[in-house]
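Just target-v5.cif here, mmCIF, C-alpha atoms:
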```cif
data_coords
loop_
_atom_site.label_atom_id
_atom_site.label_comp_id
_atom_site.auth_asym_id
_atom_site.auth_seq_id
_atom_site.Cartn_x
_atom_site.Cartn_y
_atom_site.Cartn_z
CA MET J 1 -10.95 -4.49 -12.18
CA SER J 2 -12.39 -1.03 -12.40
CA TRP J 3 -11.17 2.53 -12.25
CA LYS J 4 -13.81 3.07 -9.57
CA LEU J 5 -13.31 2.21 -5.92
CA PRO J 6 -15.25 -0.95 -4.99
CA LYS J 7 -18.69 -0.25 -3.52
CA ASN J 8 -17.77 -1.38 -0.01
CA TRP J 9 -14.87 1.10 0.09
CA LEU J 10 -16.99 3.90 -1.34
CA GLU J 11 -19.42 3.35 1.52
CA PHE J 12 -16.63 3.02 4.09
CA LEU J 13 -15.01 6.30 2.97
CA GLN J 14 -18.15 8.15 1.95
CA ASP J 15 -17.83 11.14 4.29
CA ASP J 16 -14.09 11.46 3.65
CA LEU J 17 -14.35 11.32 -0.14
CA GLU J 18 -16.75 14.24 -0.21
CA ARG J 19 -14.54 16.25 2.12
CA ILE J 20 -11.38 15.77 0.05
CA LEU J 21 -13.16 16.44 -3.26
CA PHE J 22 -12.41 12.95 -4.53
CA SER J 23 -14.41 13.39 -7.73
CA GLU J 24 -12.15 16.31 -8.68
CA LEU J 25 -9.08 14.18 -8.06
CA GLN J 26 -10.47 11.49 -10.35
CA LYS J 27 -10.99 14.04 -13.12
CA ARG J 28 -7.40 15.27 -12.81
CA ILE J 29 -6.06 11.71 -12.97
CA VAL J 30 -8.16 10.75 -15.99
CA HIS J 31 -6.93 13.89 -17.75
CA GLU J 32 -3.33 12.81 -17.12
CA TYR J 33 -3.99 9.41 -18.68
CA GLU J 34 -5.80 10.87 -21.68
CA ASP J 35 -3.42 13.78 -22.23
CA GLY J 36 -0.66 11.55 -23.57
CA THR J 37 2.20 13.85 -22.54
CA ALA J 38 3.63 11.03 -20.41
CA ARG J 39 2.69 7.43 -19.73
CA ILE J 40 1.03 6.99 -16.37
CA PHE J 41 1.37 3.87 -14.22
CA PRO J 42 -0.28 1.62 -13.25
CA PRO J 43 -2.74 1.10 -16.13
CA LEU J 44 -5.95 2.97 -15.31
CA PRO J 45 -8.06 -0.16 -14.56
CA MET J 46 -5.47 -1.19 -11.95
CA VAL J 47 -5.26 2.06 -9.96
CA PHE J 48 -7.52 0.75 -7.17
CA ASN J 49 -6.32 -2.84 -7.36
CA ALA J 50 -5.24 -2.79 -3.68
CA PHE J 51 -8.90 -2.37 -2.68
CA GLN J 52 -10.34 -5.11 -4.88
CA GLY J 53 -11.72 -8.19 -3.13
CA ILE J 54 -10.87 -6.98 0.35
CA ASP J 55 -13.37 -5.70 2.90
CA PRO J 56 -12.17 -2.67 4.89
CA LYS J 57 -13.52 -4.20 8.10
CA ASN J 58 -11.28 -7.25 7.54
CA ILE J 59 -7.99 -5.37 7.20
CA ARG J 60 -5.37 -6.78 9.56
CA VAL J 61 -2.18 -5.18 8.23
CA VAL J 62 -1.50 -2.00 6.28
CA ILE J 63 1.80 -1.66 4.42
CA LEU J 64 2.32 1.89 3.21
CA GLY J 65 4.51 2.69 0.22
CA GLN J 66 5.31 5.99 -1.50
CA ASP J 67 4.11 5.71 -5.09
CA PRO J 68 3.94 3.06 -7.85
CA TYR J 69 6.99 1.80 -9.68
CA PRO J 70 7.63 4.27 -12.54
CA THR J 71 8.82 1.49 -14.87
CA GLN J 72 6.76 0.05 -17.71
CA GLY J 73 5.14 -3.26 -16.75
CA HIS J 74 5.93 -3.11 -13.03
CA ALA J 75 3.12 -1.29 -11.17
CA HIS J 76 -0.24 -3.05 -10.92
CA GLY J 77 -1.94 -1.20 -8.09
CA LEU J 78 -0.47 -2.86 -4.99
CA ALA J 79 2.37 -1.15 -3.13
CA PHE J 80 5.73 -2.88 -3.71
CA SER J 81 4.10 -5.67 -5.75
CA VAL J 82 4.71 -6.61 -9.39
CA GLN J 83 2.98 -9.01 -11.74
CA SER J 84 4.14 -12.62 -11.36
CA ASN J 85 5.94 -12.57 -14.74
CA VAL J 86 8.18 -9.58 -13.91
CA PHE J 87 11.87 -10.45 -13.52
CA PRO J 88 14.24 -9.31 -12.21
CA LEU J 89 12.34 -8.04 -9.20
CA PRO J 90 12.56 -4.35 -8.26
CA LYS J 91 15.33 -3.82 -5.73
CA SER J 92 12.98 -2.64 -2.95
CA LEU J 93 10.91 -5.80 -3.31
CA LYS J 94 14.05 -7.93 -3.28
CA ASN J 95 15.01 -6.34 0.02
CA ILE J 96 11.53 -6.93 1.46
CA PHE J 97 11.87 -10.61 0.60
CA LYS J 98 15.37 -10.75 2.10
CA GLU J 99 14.04 -9.37 5.39
CA LEU J 100 11.06 -11.72 5.22
CA GLN J 101 13.37 -14.71 4.80
CA HIS J 102 15.68 -13.55 7.61
CA ASP J 103 12.81 -12.72 9.97
CA LEU J 104 10.71 -15.87 9.53
CA ASN J 105 13.30 -18.32 8.19
CA ILE J 106 11.15 -19.19 5.18
CA GLU J 107 11.98 -19.73 1.53
CA LEU J 108 11.99 -16.73 -0.76
CA PRO J 109 8.75 -16.31 -2.75
CA VAL J 110 9.04 -17.49 -6.36
CA HIS J 111 7.60 -14.25 -7.79
CA GLY J 112 6.80 -10.70 -6.74
CA ASN J 113 3.00 -10.68 -6.99
CA LEU J 114 1.65 -9.87 -3.52
CA ASP J 115 -2.01 -10.66 -4.27
CA ARG J 116 -1.71 -13.46 -1.71
CA TRP J 117 -1.07 -10.89 1.02
CA ARG J 118 -4.01 -8.73 -0.04
CA ASP J 119 -6.26 -11.78 -0.04
CA GLN J 120 -5.45 -12.30 3.65
CA GLY J 121 -6.37 -8.76 4.72
CA VAL J 122 -3.15 -6.88 3.98
CA LEU J 123 -3.76 -3.46 2.41
CA LEU J 124 -0.80 -2.60 0.19
CA LEU J 125 -1.39 1.13 -0.07
CA ASN J 126 0.74 3.77 -1.76
CA SER J 127 0.59 7.39 -0.57
CA ALA J 128 0.12 8.33 -4.24
CA LEU J 129 -1.67 5.79 -6.42
CA THR J 130 -0.29 6.91 -9.78
CA VAL J 131 3.01 8.11 -11.22
CA ARG J 132 4.49 9.34 -14.51
CA GLU J 133 6.90 7.03 -16.29
CA GLY J 134 10.45 7.54 -15.07
CA GLN J 135 9.44 10.28 -12.61
CA PRO J 136 9.16 8.99 -9.04
CA GLY J 137 7.02 11.25 -6.88
CA SER J 138 5.50 13.03 -9.88
CA HIS J 139 1.92 12.59 -8.60
CA GLN J 140 2.53 13.25 -4.92
CA HIS J 141 0.83 16.64 -5.05
CA VAL J 142 -2.19 16.04 -7.27
CA GLY J 143 -4.46 15.06 -4.39
CA TRP J 144 -3.56 11.45 -3.63
CA GLU J 145 -2.02 12.33 -0.27
CA ALA J 146 -5.39 13.52 1.01
CA PHE J 147 -6.95 10.28 -0.20
CA SER J 148 -4.38 7.99 1.45
CA ASP J 149 -4.57 10.09 4.63
CA ALA J 150 -8.33 9.54 4.67
CA VAL J 151 -7.93 5.79 4.20
CA ILE J 152 -5.39 5.50 7.02
CA HIS J 153 -7.39 7.65 9.43
CA ARG J 154 -10.67 5.87 8.69
CA LEU J 155 -9.09 2.45 9.18
CA SER J 156 -7.53 3.61 12.45
CA THR J 157 -10.91 4.87 13.63
CA GLU J 158 -13.08 1.95 12.56
CA LEU J 159 -10.80 -1.02 13.24
CA ASN J 160 -9.84 -2.31 16.68
CA HIS J 161 -6.52 -4.10 16.24
CA ALA J 162 -4.50 -3.59 13.07
CA VAL J 163 -0.80 -3.40 12.28
CA PHE J 164 0.57 -0.44 10.34
CA LEU J 165 3.98 -0.95 8.71
CA LEU J 166 5.44 2.47 7.87
CA TRP J 167 8.61 2.16 5.83
CA GLY J 168 10.48 5.36 5.08
CA ALA J 169 10.00 9.01 6.02
CA SER J 170 7.07 9.52 3.65
CA ALA J 171 5.07 6.71 5.23
CA GLN J 172 6.01 7.72 8.76
CA ARG J 173 4.49 11.17 8.25
CA LYS J 174 1.12 9.43 8.58
CA THR J 175 1.87 8.21 12.11
CA SER J 176 -0.29 10.98 13.61
CA LEU J 177 -3.34 9.59 11.77
CA ILE J 178 -3.16 6.28 13.65
CA ASN J 179 -4.40 5.60 17.18
CA PRO J 180 -1.44 3.96 18.98
CA HIS J 181 -3.66 2.77 21.83
CA LYS J 182 -5.60 0.44 19.52
CA HIS J 183 -3.09 -0.46 16.84
CA LEU J 184 0.52 -1.54 16.44
CA ILE J 185 2.64 0.97 14.53
CA LEU J 186 5.98 -0.33 13.25
CA CYS J 187 8.44 2.06 11.61
CA ALA J 188 11.62 1.35 9.66
CA THR J 189 13.67 2.91 6.90
CA HIS J 190 12.49 2.38 3.34
CA PRO J 191 13.52 -0.98 1.80
CA SER J 192 15.23 0.71 -1.15
CA PRO J 193 18.95 -0.03 -1.66
CA LEU J 194 19.73 3.52 -0.49
CA SER J 195 18.33 2.99 3.00
CA ALA J 196 17.60 -0.70 3.68
CA HIS J 197 20.89 -1.17 5.55
CA ARG J 198 20.07 1.75 7.87
CA GLY J 199 17.22 0.06 9.71
CA PHE J 200 15.02 -1.98 7.41
CA PHE J 201 17.14 -5.11 7.50
CA GLY J 202 16.66 -6.67 10.90
CA CYS J 203 13.47 -4.77 11.74
CA GLY J 204 11.54 -8.02 12.22
CA HIS J 205 8.25 -6.45 11.20
CA PHE J 206 6.71 -9.61 9.78
CA SER J 207 7.11 -11.63 12.95
CA LYS J 208 6.16 -8.66 15.15
CA ALA J 209 2.98 -8.14 13.13
CA ASN J 210 1.99 -11.78 13.53
CA GLU J 211 2.77 -11.78 17.24
CA PHE J 212 0.50 -8.77 17.74
CA LEU J 213 -2.33 -10.33 15.71
CA ALA J 214 -2.05 -13.58 17.64
CA SER J 215 -2.14 -11.67 20.93
CA LYS J 216 -5.48 -10.19 19.85
CA HIS J 217 -6.83 -13.61 18.84
CA LEU J 218 -6.60 -12.73 15.15
CA THR J 219 -5.22 -15.04 12.47
CA PRO J 220 -1.58 -14.24 11.62
CA ILE J 221 -0.58 -13.56 8.03
CA ALA J 222 0.92 -16.40 6.00
CA TRP J 223 3.67 -14.23 4.59
#
```

What does the file become when written as structure tokens?
Amino acid sequence: MSWKLPKNWLEFLQDDLERILFSELQKRIVHEYEDGTARIFPPLPMVFNAFQGIDPKNIRVVILGQDPYPTQGHAHGLAFSVQSNVFPLPKSLKNIFKELQHDLNIELPVHGNLDRWRDQGVLLLNSALTVREGQPGSHQHVGWEAFSDAVIHRLSTELNHAVFLLWGASAQRKTSLINPHKHLILCATHPSPLSAHRGFFGCGHFSKANEFLASKHLTPIAW
């Protein structure tokens, strides 16, 4: 894995990256890692992990989170995901799995690594790709929002039929970037313990996503 965006994504986002001064954002982030004032997560080589091994033209589902887990050893570059050796699971991820089990009547996954979703064309994107240890939201205003906006808008423009799962108010602010005439937009409260019972549980997003994909003659996700 590399600190740099994969070549196919650099080409896909080329015009956007220049517009949002992406190189300046990278410099600010590297400075944060090297400064040493606070530990930054995920590890620098994992920042763009969500984009590794996945072609933008093959994206079928986008799941949008807020920012990485601010706990040592948790974040590894995919929204909501943790490494397969991390136990207990973060509470938001536990709630995602509970809804998954309820929605599709399947067994709970044995670990919290969501690489298997990414490998099927699911982009697990955070609005901010880095965070300071113990400080949720600490990198929301360093320039990542412009980057994630650009990713969402470009995917909406270039793809024909994708599903966007927007969980929580932060994710739902990006609704205006998505063309509702081409794509399925599903909104629910955030899966955190503070809000999961107010609309995330019972949302049925996993089955609804697969039904939409099947209706467009696309392969459903093996969640």

Excluding same-chain residues fewer than 5 positions from segment 102-109 of chain J, what lies within 7 Å of it counting only C-alpha atoms, as a CSV table (one decimal) with C-alpha atoms, in the coordinates of the input?
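As written to disk, selection.csv reads:
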```
chain,number,residue,atom,x,y,z
J,97,PHE,CA,11.9,-10.6,0.6
J,204,GLY,CA,11.5,-8.0,12.2
J,206,PHE,CA,6.7,-9.6,9.8
J,207,SER,CA,7.1,-11.6,13.0
```

Inset, instruction - Can you pull out every residue within 7 Å of Lys174 of chain J, counting all atoms listed in the file, but drop anything in the same chain fewer than 3 positions away, and send it as number ranges by chain? - result: J: 149, 171, 177

Residues matched by the PyMOL selection byres ((chain J and resi 30) around 12) as an mmCIF file with C-alpha atoms, keeping the file's coordinate frame:
```cif
data_model
loop_
_atom_site.group_PDB
_atom_site.id
_atom_site.type_symbol
_atom_site.label_atom_id
_atom_site.label_comp_id
_atom_site.auth_asym_id
_atom_site.auth_seq_id
_atom_site.Cartn_x
_atom_site.Cartn_y
_atom_site.Cartn_z
ATOM 1 C CA TRP J 3 -11.170 2.530 -12.250
ATOM 2 C CA LYS J 4 -13.810 3.070 -9.570
ATOM 3 C CA SER J 23 -14.410 13.390 -7.730
ATOM 4 C CA GLU J 24 -12.150 16.310 -8.680
ATOM 5 C CA LEU J 25 -9.080 14.180 -8.060
ATOM 6 C CA GLN J 26 -10.470 11.490 -10.350
ATOM 7 C CA LYS J 27 -10.990 14.040 -13.120
ATOM 8 C CA ARG J 28 -7.400 15.270 -12.810
ATOM 9 C CA ILE J 29 -6.060 11.710 -12.970
ATOM 10 C CA HIS J 31 -6.930 13.890 -17.750
ATOM 11 C CA GLU J 32 -3.330 12.810 -17.120
ATOM 12 C CA TYR J 33 -3.990 9.410 -18.680
ATOM 13 C CA GLU J 34 -5.800 10.870 -21.680
ATOM 14 C CA ASP J 35 -3.420 13.780 -22.230
ATOM 15 C CA GLY J 36 -0.660 11.550 -23.570
ATOM 16 C CA ARG J 39 2.690 7.430 -19.730
ATOM 17 C CA ILE J 40 1.030 6.990 -16.370
ATOM 18 C CA PHE J 41 1.370 3.870 -14.220
ATOM 19 C CA PRO J 43 -2.740 1.100 -16.130
ATOM 20 C CA LEU J 44 -5.950 2.970 -15.310
ATOM 21 C CA PRO J 45 -8.060 -0.160 -14.560
ATOM 22 C CA VAL J 47 -5.260 2.060 -9.960
ATOM 23 C CA THR J 130 -0.290 6.910 -9.780
ATOM 24 C CA VAL J 142 -2.190 16.040 -7.270
#
```

Inset, instruction - Write out as a list in words each polymer residue whose atoms come within 9 Å of segment 55-60 of chain J, counting only C-alpha atoms; drop sequence neighbours fewer than 5 positions from it. - result: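 Residues near the query, excluding close chain neighbours: Asn8, Trp9, Phe12, Arg118, Gln120, Gly121, Val122, Leu123, Leu155, Glu158, Leu159, His161, Ala162, Val163, Phe164, Leu213, Leu218, Thr219, Pro220 and Ile221 of chain J.
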
Legend entry - From J:Ser215, J:Asn160, J:Ser170, J:Ser127, residue lying nearest Phe147 of chain J [all atoms listed in the file]: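 When distances to Phe147 of chain J are compared using all atoms listed in the file, the smallest one comes from J:Ser127.
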
Write out as a PDB file with C-alpha atoms, in the frame of the given file which residues come within 9 Å of segment 191-199 of chain J when counting all atoms listed in the file, dropping same-chain ones fewer than 4 positions away.
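The resulting file, out-v1.pdb, is reproduced below:
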```pdb
ATOM      1  CA  LYS J  91      15.330  -3.820  -5.730  1.00  0.00           C
ATOM      2  CA  SER J  92      12.980  -2.640  -2.950  1.00  0.00           C
ATOM      3  CA  LEU J  93      10.910  -5.800  -3.310  1.00  0.00           C
ATOM      4  CA  LYS J  94      14.050  -7.930  -3.280  1.00  0.00           C
ATOM      5  CA  ASN J  95      15.010  -6.340   0.020  1.00  0.00           C
ATOM      6  CA  ILE J  96      11.530  -6.930   1.460  1.00  0.00           C
ATOM      7  CA  TRP J 167       8.610   2.160   5.830  1.00  0.00           C
ATOM      8  CA  GLY J 168      10.480   5.360   5.080  1.00  0.00           C
ATOM      9  CA  CYS J 203      13.470  -4.770  11.740  1.00  0.00           C
TER      10      CYS J 203
END
```

Inset, instruction - Could you please determine the separation between atom CA of Phe201 of chain J and atom CA of Val82 of chain J in Å, to one decimal place? - result: 21.0 Å

Legend entry - Expected selection from the PyMOL selection byres ((chain J and resi 81) around 6), given as a ChimeraX atom specification: /J:78-80,82,112-114

Inset, instruction - Name the residues captured by the PyMOL selection byres ((chain J and resi 77) around 7) when it is applied to the shown file; answer as a PyMOL selection string. - result: chain J and resi 42+46-50+75-76+78-79

Inset, instruction - Give me, please, the distance in Å between atom CA of Val110 of chain J and atom CA of Pro68 of chain J, quoted to one decimal. - result: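 So the answer is 21.2 Å.
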
Inset, instruction - Please indicate the distance in Å from atom CA of Leu186 of chain J to atom CA of Val62 of chain J, rounded to one decimal place. - result: 10.4 Å

Legend entry - Proximity to Arg154 of chain J - best of J:Thr71, J:Gln14, J:Gln52, J:Gln135, all atoms listed in the file: J:Gln14

Can you pull segment 112-135 of chain J out of that block with N, CA, C and O atoms and hand it back as a compact mmCIF listing (two decimals), in the first residue's frame?
```txt
# COMPACT_ATOMS: atom_id res chain seq x y z
N GLY J 112 -14.02 -8.11 11.72
CA GLY J 112 -14.49 -6.81 11.24
C GLY J 112 -13.76 -6.25 10.05
O GLY J 112 -13.93 -5.06 9.72
N ASN J 113 -12.93 -7.05 9.39
CA ASN J 113 -12.22 -6.57 8.21
C ASN J 113 -13.14 -6.62 7.00
O ASN J 113 -13.61 -7.69 6.62
N LEU J 114 -13.38 -5.46 6.40
CA LEU J 114 -14.34 -5.36 5.29
C LEU J 114 -13.67 -5.35 3.92
O LEU J 114 -14.26 -4.91 2.93
N ASP J 115 -12.44 -5.85 3.85
CA ASP J 115 -11.76 -5.97 2.56
C ASP J 115 -12.62 -6.72 1.55
O ASP J 115 -12.61 -6.42 0.36
N ARG J 116 -13.37 -7.70 2.04
CA ARG J 116 -14.18 -8.54 1.14
C ARG J 116 -15.26 -7.72 0.46
O ARG J 116 -15.69 -8.04 -0.65
N TRP J 117 -15.74 -6.66 1.11
CA TRP J 117 -16.70 -5.77 0.47
C TRP J 117 -16.01 -4.92 -0.59
O TRP J 117 -16.50 -4.78 -1.71
N ARG J 118 -14.87 -4.34 -0.23
CA ARG J 118 -14.12 -3.53 -1.19
C ARG J 118 -13.80 -4.34 -2.44
O ARG J 118 -13.91 -3.82 -3.57
N ASP J 119 -13.42 -5.58 -2.26
CA ASP J 119 -13.02 -6.41 -3.39
C ASP J 119 -14.18 -6.71 -4.34
O ASP J 119 -13.97 -7.19 -5.46
N GLN J 120 -15.40 -6.43 -3.91
CA GLN J 120 -16.58 -6.64 -4.76
C GLN J 120 -17.10 -5.33 -5.37
O GLN J 120 -18.14 -5.32 -6.02
N GLY J 121 -16.38 -4.24 -5.17
CA GLY J 121 -16.82 -2.97 -5.73
C GLY J 121 -17.55 -2.07 -4.76
O GLY J 121 -18.33 -1.22 -5.18
N VAL J 122 -17.29 -2.26 -3.47
CA VAL J 122 -17.88 -1.38 -2.45
C VAL J 122 -16.80 -0.40 -1.99
O VAL J 122 -15.76 -0.82 -1.47
N LEU J 123 -17.03 0.89 -2.20
CA LEU J 123 -16.09 1.91 -1.75
C LEU J 123 -16.46 2.32 -0.34
O LEU J 123 -17.53 2.88 -0.10
N LEU J 124 -15.58 2.04 0.60
CA LEU J 124 -15.80 2.37 2.01
C LEU J 124 -15.05 3.67 2.30
O LEU J 124 -13.91 3.67 2.74
N LEU J 125 -15.73 4.77 2.05
CA LEU J 125 -15.11 6.09 2.05
C LEU J 125 -15.48 6.88 3.29
O LEU J 125 -16.66 6.99 3.64
N ASN J 126 -14.49 7.46 3.94
CA ASN J 126 -14.75 8.41 5.02
C ASN J 126 -14.73 9.83 4.46
O ASN J 126 -13.99 10.13 3.51
N SER J 127 -15.53 10.72 5.05
CA SER J 127 -15.50 12.13 4.63
C SER J 127 -14.13 12.74 4.88
O SER J 127 -13.63 13.54 4.09
N ALA J 128 -13.52 12.39 6.00
CA ALA J 128 -12.14 12.76 6.31
C ALA J 128 -11.34 11.47 6.44
O ALA J 128 -11.77 10.54 7.11
N LEU J 129 -10.18 11.41 5.79
CA LEU J 129 -9.45 10.15 5.72
C LEU J 129 -8.44 9.96 6.84
O LEU J 129 -7.82 8.89 6.96
N THR J 130 -8.25 10.98 7.69
CA THR J 130 -7.33 10.86 8.81
C THR J 130 -7.95 11.49 10.05
O THR J 130 -8.92 12.25 9.97
N VAL J 131 -7.35 11.18 11.22
CA VAL J 131 -7.88 11.71 12.48
C VAL J 131 -6.77 11.66 13.53
O VAL J 131 -5.88 10.81 13.47
N ARG J 132 -6.82 12.56 14.48
CA ARG J 132 -5.88 12.53 15.61
C ARG J 132 -6.38 11.53 16.65
O ARG J 132 -7.58 11.36 16.85
N GLU J 133 -5.44 10.89 17.32
CA GLU J 133 -5.80 9.90 18.34
C GLU J 133 -6.71 10.53 19.39
O GLU J 133 -6.42 11.58 19.95
N GLY J 134 -7.83 9.86 19.66
CA GLY J 134 -8.74 10.30 20.70
C GLY J 134 -9.51 11.56 20.41
O GLY J 134 -10.18 12.10 21.29
N GLN J 135 -9.45 12.05 19.16
CA GLN J 135 -10.13 13.31 18.82
C GLN J 135 -10.99 13.15 17.57
O GLN J 135 -10.59 13.57 16.48
```
